[in-house]
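Novice: Sharing target_5.cif (mmCIF, C-alpha atoms) below.
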```cif
data_data
#
loop_
_atom_site.label_atom_id
_atom_site.label_comp_id
_atom_site.auth_asym_id
_atom_site.auth_seq_id
_atom_site.Cartn_x
_atom_site.Cartn_y
_atom_site.Cartn_z
CA SER A 1 0.00 0.00 0.00
CA THR A 2 2.94 2.37 0.63
CA ARG A 3 4.26 1.88 -2.89
CA VAL A 4 0.81 2.53 -4.35
CA PHE A 5 0.59 5.71 -2.29
CA VAL A 6 3.93 6.91 -3.70
CA ARG A 7 2.80 6.20 -7.26
CA ASP A 8 -0.51 8.01 -6.79
CA SER A 9 1.29 10.96 -5.16
CA LEU A 10 3.54 11.28 -8.20
CA LYS A 11 0.48 11.25 -10.45
CA ILE A 12 -1.06 14.07 -8.41
CA ILE A 13 2.13 16.14 -8.59
CA LEU A 14 2.76 15.38 -12.28
CA PRO A 15 -0.67 14.80 -13.84
CA GLU A 16 0.69 15.34 -17.35
CA LYS A 17 2.95 12.28 -16.90
CA ALA A 18 0.30 9.97 -15.43
CA ALA A 19 0.54 7.48 -18.30
CA GLU A 20 4.33 7.35 -18.07
CA ILE A 21 4.19 6.90 -14.29
CA ASP A 22 1.75 3.98 -14.64
CA ALA A 23 4.04 2.38 -17.20
CA GLN A 24 7.31 2.84 -15.31
CA ILE A 25 6.32 2.46 -11.63
CA ASP A 26 5.22 -1.03 -10.61
CA PRO A 27 3.76 -1.24 -7.08
CA GLY A 28 3.99 -5.02 -7.10
CA GLU A 29 5.93 -7.24 -4.70
CA TYR A 30 9.57 -6.60 -5.45
CA GLY A 31 11.11 -5.42 -2.18
CA VAL A 32 11.82 -8.70 -0.40
CA GLU A 33 14.05 -11.08 -2.31
CA SER A 34 12.68 -14.14 -0.47
CA TYR A 35 8.97 -14.61 0.14
CA TYR A 36 9.70 -17.43 2.60
CA LEU A 37 11.80 -15.08 4.72
CA ARG A 38 8.76 -12.87 5.15
CA MET A 39 6.67 -15.84 6.29
CA THR A 40 9.43 -17.00 8.66
CA CYS A 41 9.67 -13.59 10.32
CA CYS A 42 5.89 -13.52 10.77
CA PHE A 43 6.03 -16.98 12.37
CA ILE A 44 8.82 -15.87 14.74
CA PHE A 45 6.69 -12.90 15.75
CA VAL A 46 3.69 -15.16 16.49
CA LEU A 47 6.05 -17.45 18.42
CA GLY A 48 6.88 -14.53 20.70
CA LEU A 49 3.15 -13.88 21.24
CA TRP A 50 2.43 -17.49 22.15
CA PRO A 51 3.11 -17.24 25.94
CA ASP A 52 0.56 -14.41 26.25
CA LEU A 53 -2.07 -16.51 24.47
CA ILE A 54 -1.31 -19.47 26.75
CA GLY A 55 -1.66 -17.15 29.74
CA SER A 56 -5.14 -16.17 28.58
CA SER A 57 -6.15 -19.82 28.12
CA ASP A 58 -4.82 -20.65 31.60
CA MET A 59 -6.91 -17.81 33.02
CA VAL A 60 -10.03 -19.21 31.34
CA TYR A 61 -9.20 -22.62 32.80
CA LEU A 62 -8.74 -21.12 36.27
CA LEU A 63 -11.97 -19.13 36.21
CA TYR A 64 -13.87 -22.25 35.17
CA HIS A 65 -12.35 -24.73 37.64
CA ALA A 66 -11.81 -22.52 40.69
CA PRO A 67 -14.59 -22.85 43.29
CA THR A 68 -17.20 -20.10 43.05
CA LYS A 69 -17.04 -19.07 46.68
CA ALA A 70 -14.91 -16.82 48.84
CA MET A 71 -11.80 -18.66 49.98
CA PRO A 72 -8.58 -17.29 51.52
CA TRP A 73 -5.60 -16.73 49.21
CA MET A 74 -3.31 -15.96 52.17
CA ILE A 75 -2.89 -18.68 54.78
CA TYR A 76 -0.95 -18.30 58.00
CA GLU A 77 0.72 -21.38 59.42
CA LYS A 78 2.90 -22.12 62.45
CA GLY A 79 5.70 -24.65 62.55
CA SER A 80 4.88 -26.12 59.12
CA ALA A 81 7.36 -27.51 56.64
CA GLN A 82 6.59 -24.53 54.49
CA SER A 83 7.96 -22.20 57.16
CA ASP A 84 11.37 -23.88 56.92
CA LYS A 85 11.63 -22.86 53.24
CA LYS A 86 9.80 -19.55 53.05
CA SER A 87 9.71 -17.75 56.36
CA ILE A 88 8.89 -14.13 56.86
CA SER A 89 11.73 -11.93 57.97
CA PRO A 90 11.39 -11.05 61.64
CA GLN A 91 9.65 -7.74 62.22
CA LYS A 92 8.41 -5.91 65.23
CA GLY A 93 5.30 -7.59 66.60
CA VAL A 94 5.55 -10.63 64.32
CA ASP A 95 6.27 -14.10 65.66
CA THR A 96 9.25 -15.65 63.85
CA GLU A 97 7.59 -19.08 63.97
CA GLU A 98 4.70 -17.88 61.88
CA CYS A 99 4.69 -18.36 58.11
CA VAL A 100 2.40 -16.99 55.46
CA ARG A 101 1.50 -19.08 52.43
CA PHE A 102 -0.04 -17.66 49.25
CA GLN A 103 -2.23 -19.98 47.21
CA VAL A 104 -4.63 -19.53 44.31
CA ASN A 105 -8.06 -20.39 45.63
CA GLY A 106 -11.77 -19.93 45.02
CA MET A 107 -13.40 -16.56 44.38
CA PRO A 108 -16.99 -15.27 44.50
CA LEU A 109 -19.06 -15.09 41.34
CA GLN A 110 -18.90 -11.30 41.15
CA TRP A 111 -15.10 -11.41 41.15
CA LYS A 112 -15.09 -14.05 38.42
CA ILE A 113 -17.34 -11.82 36.30
CA PHE A 114 -15.11 -8.83 37.02
CA ASN A 115 -11.96 -10.72 36.04
CA PHE A 116 -13.63 -12.03 32.88
CA PHE A 117 -14.82 -8.68 31.53
CA MET A 118 -12.16 -6.34 32.93
CA ILE A 119 -9.03 -8.48 32.59
CA LEU A 120 -9.52 -11.53 30.37
CA LEU A 121 -11.43 -9.97 27.45
CA PRO A 122 -9.16 -6.86 27.23
CA LYS A 123 -6.12 -9.12 27.46
CA ILE A 124 -7.31 -11.28 24.54
CA TYR A 125 -8.27 -8.25 22.46
CA ILE A 126 -4.92 -6.53 23.07
CA TRP A 127 -3.24 -9.75 21.98
CA PHE A 128 -5.30 -9.73 18.79
CA LEU A 129 -4.41 -6.07 18.15
CA THR A 130 -0.72 -6.75 18.72
CA ALA A 131 -0.68 -9.77 16.40
CA ASP A 132 -2.59 -7.97 13.64
CA ILE A 133 -0.55 -4.76 13.73
CA GLY A 134 2.73 -6.66 14.03
CA ILE A 135 1.98 -8.85 11.00
CA VAL A 136 0.99 -5.77 8.97
CA PHE A 137 4.22 -4.06 10.02
CA LEU A 138 6.33 -7.04 8.94
CA LEU A 139 4.51 -7.52 5.64
CA GLU A 140 4.95 -3.83 4.82
CA THR A 141 8.71 -4.08 5.36
CA SER A 142 10.60 -4.26 2.07
CA SER A 143 14.26 -5.24 2.52
CA ILE A 144 15.66 -8.38 4.12
CA GLU A 145 17.79 -6.50 6.65
CA GLU A 146 14.89 -4.39 7.87
CA MET A 147 12.65 -7.47 8.02
CA ILE A 148 15.00 -9.32 10.40
CA ILE A 149 15.62 -6.21 12.52
CA ASN A 150 11.90 -5.47 12.79
CA ALA A 151 11.12 -9.05 13.80
CA VAL A 152 13.64 -8.79 16.64
CA ALA A 153 12.39 -5.31 17.58
CA LEU A 154 8.78 -6.49 17.80
CA ASN A 155 9.77 -9.30 20.17
CA PHE A 156 11.56 -6.71 22.29
CA ILE A 157 8.40 -4.60 22.41
CA LEU A 158 6.44 -7.62 23.66
CA GLY A 159 8.57 -7.64 26.82
CA ILE A 160 7.96 -4.00 27.73
CA ASP A 161 5.01 -4.87 30.00
CA GLU A 162 7.15 -7.28 32.02
CA THR A 163 9.90 -4.66 32.27
CA LEU A 164 7.40 -2.09 33.58
CA CYS A 165 6.03 -4.55 36.13
CA SER A 166 9.48 -5.47 37.43
CA ALA A 167 10.45 -1.79 37.70
CA LEU A 168 7.23 -0.35 39.16
CA MET A 169 5.88 -3.24 41.23
CA SER A 170 6.40 -2.99 44.97
CA PRO A 171 8.61 -5.60 46.71
CA MET A 172 5.60 -6.87 48.68
CA VAL A 173 3.63 -7.63 45.51
CA LYS A 174 6.68 -9.25 43.93
CA TYR A 175 7.09 -11.50 46.95
CA MET A 176 3.43 -12.51 46.86
CA LEU A 177 3.52 -13.34 43.14
CA GLU A 178 6.80 -15.24 43.35
CA ASN A 179 5.51 -17.39 46.23
CA MET A 180 1.97 -17.86 44.93
CA GLU A 181 1.15 -21.56 44.74
CA ASP A 182 -0.83 -22.90 41.80
CA TYR A 183 -4.37 -24.11 42.13
CA ALA A 184 -4.33 -27.89 42.58
CA LEU A 185 -6.55 -29.59 40.01
CA PHE A 186 -5.97 -33.07 41.48
CA ASP A 187 -4.66 -34.62 44.65
CA ALA A 188 -0.97 -35.36 44.25
CA ALA A 189 -1.08 -37.70 47.25
CA GLU A 190 -3.35 -40.10 45.36
CA GLN A 191 -0.91 -40.24 42.45
CA SER A 192 2.09 -40.85 44.70
CA ALA A 193 0.19 -43.57 46.61
CA ASP A 194 0.13 -45.87 43.58
CA SER A 195 2.34 -48.91 43.78
CA GLU A 196 5.25 -49.42 41.41
CA LYS A 197 3.28 -52.07 39.50
CA GLU A 198 0.29 -49.75 39.01
CA ALA A 199 2.55 -46.92 37.89
CA PHE A 200 4.30 -49.22 35.41
CA GLN A 201 1.00 -50.49 33.99
CA ARG A 202 -0.26 -46.94 33.56
CA HIS A 203 2.99 -46.02 31.79
CA VAL A 204 2.70 -49.02 29.43
CA LYS A 205 -0.89 -48.07 28.63
CA ASP A 206 0.14 -44.49 27.82
CA THR A 207 2.89 -45.64 25.43
CA THR A 208 0.89 -48.30 23.58
CA TRP A 209 0.58 -46.61 20.18
CA SER A 210 -0.02 -47.71 16.62
CA LEU A 211 -0.05 -45.94 13.27
CA ARG A 212 -3.74 -45.22 13.85
CA SER A 213 -3.22 -43.70 17.28
CA PRO A 214 -3.75 -39.91 17.43
CA GLU A 215 -1.33 -39.76 20.38
CA LEU A 216 1.52 -40.87 18.12
CA TYR A 217 0.98 -38.01 15.67
CA ALA A 218 0.49 -35.59 18.55
CA GLN A 219 4.00 -36.50 19.73
CA LEU A 220 5.51 -36.28 16.24
CA VAL A 221 3.78 -33.00 15.35
CA PRO A 222 3.08 -30.95 18.50
CA PRO A 223 -0.44 -29.46 18.47
CA ARG A 224 0.96 -26.12 19.60
CA LEU A 225 3.13 -25.95 16.49
CA VAL A 226 0.08 -26.58 14.30
CA VAL A 227 -1.88 -23.84 16.12
CA MET A 228 1.01 -21.39 15.62
CA PHE A 229 1.03 -22.11 11.89
CA LEU A 230 -2.73 -21.63 11.74
CA ILE A 231 -2.57 -18.31 13.60
CA THR A 232 0.23 -17.05 11.36
CA SER A 233 -1.65 -18.15 8.23
CA PHE A 234 -4.83 -16.45 9.45
CA PHE A 235 -3.24 -13.03 9.96
CA ILE A 236 -1.27 -13.26 6.70
CA CYS A 237 -4.43 -14.16 4.75
CA LYS A 238 -6.25 -11.36 6.55
CA TYR A 239 -3.61 -8.88 5.41
CA TYR A 240 -3.73 -9.93 1.76
CA THR A 241 -7.54 -10.07 1.79
CA GLU A 242 -7.85 -6.51 3.11
CA ASN A 243 -4.97 -4.87 1.27
CA CYS A 244 -4.67 -6.69 -2.07
CA ALA A 245 -6.80 -7.27 -5.14
CA SER A 246 -6.51 -9.78 -7.97
CA SER A 247 -4.87 -8.54 -11.14
CA PRO A 248 -5.88 -9.64 -14.66
CA ASP A 249 -2.82 -11.89 -14.91
CA GLY A 250 -3.82 -13.80 -11.76
CA GLY A 251 -1.46 -12.15 -9.26
CA LEU A 252 -2.14 -9.88 -6.31
CA VAL A 253 -1.60 -6.13 -6.34
CA SER A 254 -2.19 -3.51 -3.71
CA THR A 255 -5.63 -1.96 -3.48
CA ALA A 256 -6.15 1.69 -4.32
CA VAL A 257 -4.89 4.13 -1.67
CA HIS A 258 -6.77 7.37 -1.11
CA MET A 259 -5.76 10.56 0.60
CA PRO A 260 -6.68 10.56 4.32
CA LYS A 261 -9.70 12.58 5.37
CA SER A 262 -7.85 13.93 8.40
CA SER A 263 -4.31 14.12 9.68
CA GLN A 264 -5.40 12.84 13.10
CA MET A 265 -6.64 9.39 14.06
CA SER A 266 -9.12 8.79 16.86
CA PHE A 267 -8.66 6.27 19.63
CA LEU A 268 -11.60 4.25 18.26
CA SER A 269 -9.71 3.75 15.00
CA PHE A 270 -6.96 2.08 17.01
CA LEU A 271 -9.40 -0.18 18.86
CA PHE A 272 -11.42 -1.22 15.83
CA GLY A 273 -8.66 -0.97 13.22
CA PRO A 274 -8.22 -4.76 12.77
CA PHE A 275 -11.85 -5.13 11.70
CA PRO A 276 -12.50 -4.38 8.03
#
```
Render the structure in this file as structure tokens.
Specialist:
Amino acid sequence: STRVFVRDSLKIILPEKAAEIDAQIDPGEYGVESYYLRMTCCFIFVLGLWPDLIGSSDMVYLLYHAPTKAMPWMIYEKGSAQSDKKSISPQKGVDTEECVRFQVNGMPLQWKIFNFFMILLPKIYIWFLTADIGIVFLLETSSIEEMIINAVALNFILGIDETLCSALMSPMVKYMLENMEDYALFDAAEQSADSEKEAFQRHVKDTTWSLRSPELYAQLVPPRLVVMFLITSFFICKYYTENCASSPDGGLVSTAVHMPKSSQMSFLSFLFGPFP
């Protein structure tokens, strides 16, 4: 689209040479020498976004499985085995034998609704915005050197939120998050209580595969890799669908670019920009 804009700008400046400009200036795909390099850089960018998407799916899993009732996330214990590993530093008025334990636990329904609409949905939508804008940015890059540099730069931008949290978060909050225990989905004591024979039989059952077993192909081709390819393909197809048109010879050329109506863009255009 940038190359089409340059061509149309030249036609506006030099209208008497419009035919010559159309004949000499080709806005087609000629900047990147390797088309596969462009696809690889887009896949690397999606690879950097993958942990955020997994975090959103884990949050959905937690909101669904966590008990819908008020339960304590901070538990005080005395003389437990946990206190030998993670004890609170002695302070005035605090017993040194006491220990605090942080654990993900149940939450009331109103807090689940609040987390769903105020945290989960914005988190997923920001991920979608980042993936869409990043893919557009990479596909608009022309040279190989700039393509590789931009792919690395975009992955650096993805870590800005973690840098801000580590710099601005108070030590108390850091301590709580670092020592927060996961929500237990099953009783580990029942698993460890199995005899060696039962554990071996369960292991043999899990590894009994054939060429018709889906588990075999799931091990050979990880499902996460397939999902990454599908996500990358979706955003690439979305870009070409919105920004390209079929030419008479069967190829794809950039759609017509018009002069902007205003030099300023509203915040709503940023929020709803990925939608055609």
Novice: Do a neighbour search on Trp127 (chain A) at 8 Å with all atoms listed in the file, toss out local chain neighbours closer than 2 positions, and write the hits as a list in words.
Specialist: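 Listing them by chain and then by number gives Leu49, Asp52, Leu53, Lys123, Ile124, Tyr125, Leu129, Thr130 and Ala131 of chain A.
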Novice: Give the answer as one residue: which of A:Val46, A:Leu138, A:Leu63, A:Ile75 has the shortest atom-to-atom distance to Pro108 (chain A), using all atoms listed in the file?
Specialist: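 Looking at the shortest contact to Pro108 (chain A), the residue is A:Leu63.
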Novice: Suppose you want the space between CA of Phe43 (chain A) and CA of Leu252 (chain A); what is it in Å?
Specialist: 21.6 Å
Novice: So, with all atoms listed in the file as the atoms that count, which of A:Arg224, A:Asn243, A:Ile148, A:Leu168 lies closest to Thr40 (chain A)?
Specialist: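 The shortest atom-to-atom distance to Thr40 (chain A) comes from A:Ile148.
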Novice: Extract, using only C-alpha atoms, all DNA, RNA and protein residues at most 6 Å from region 174-181 of chain A, discarding same-chain residues fewer than 2 positions from it, and format them as a compact mmCIF listing (two decimals) with C-alpha atoms, in the coordinates of the input.
Specialist:
```
# COMPACT_ATOMS: atom_id res chain seq x y z
CA PHE A 102 -0.04 -17.66 49.25
CA GLN A 103 -2.23 -19.98 47.21
CA PRO A 171 8.61 -5.60 46.71
CA MET A 172 5.60 -6.87 48.68
```
Novice: For the PyMOL selection byres ((chain A and resi 226-228) around 12), applied here, can you spell out every residue it catches as a PyMOL selection string?
Specialist: chain A and resi 40+42-51+53-54+131+217-225+229-235
Novice: Can you tell me how far CA of Ala66 (chain A) sits from CA of Phe128 (chain A), in Å to one decimal?
Specialist: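 A separation of 26.2 Å between them.
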Novice: Between CA of Tyr240 (chain A) and CA of Ser254 (chain A), what distance in Å does the model show, to one decimal?
Specialist: 8.6 Å
Novice: Considering only C-alpha atoms, can you say which of A:His203, A:Lys197, A:His258, A:Arg101 comes closest to Asp182 (chain A)?
Specialist: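 The shortest atom-to-atom distance to Asp182 (chain A) comes from A:Arg101.
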Novice: Using all atoms listed in the file, give me every residue within 8 Å of (-1.7, -8.6, 8.4) in file coordinates, as a list in words.
Specialist: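 Protein and nucleic acid residues near the point are Asp132, Ile133, Gly134, Ile135, Val136, Phe137, Leu139, Phe235, Ile236, Cys237, Lys238, Tyr239 and Tyr240 of chain A.
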Novice: Excluding region 115-119 of chain A and its own-chain neighbours fewer than 4 positions away, which residues fall within 12 Å of it when counting all atoms listed in the file? Please give them as a count of residues only.
Specialist: 18
Novice: Hey, can you pull every residue with an atom no more than 9 Å from (1.8, 6.8, -9.1), using all atoms listed in the file, and send it as a list in words?
Specialist: Arg3, Val4, Phe5, Val6, Arg7, Asp8, Ser9, Leu10, Lys11, Ile12, Ala18, Ile21, Asp22, Ile25, Asp26 and Pro27 of chain A
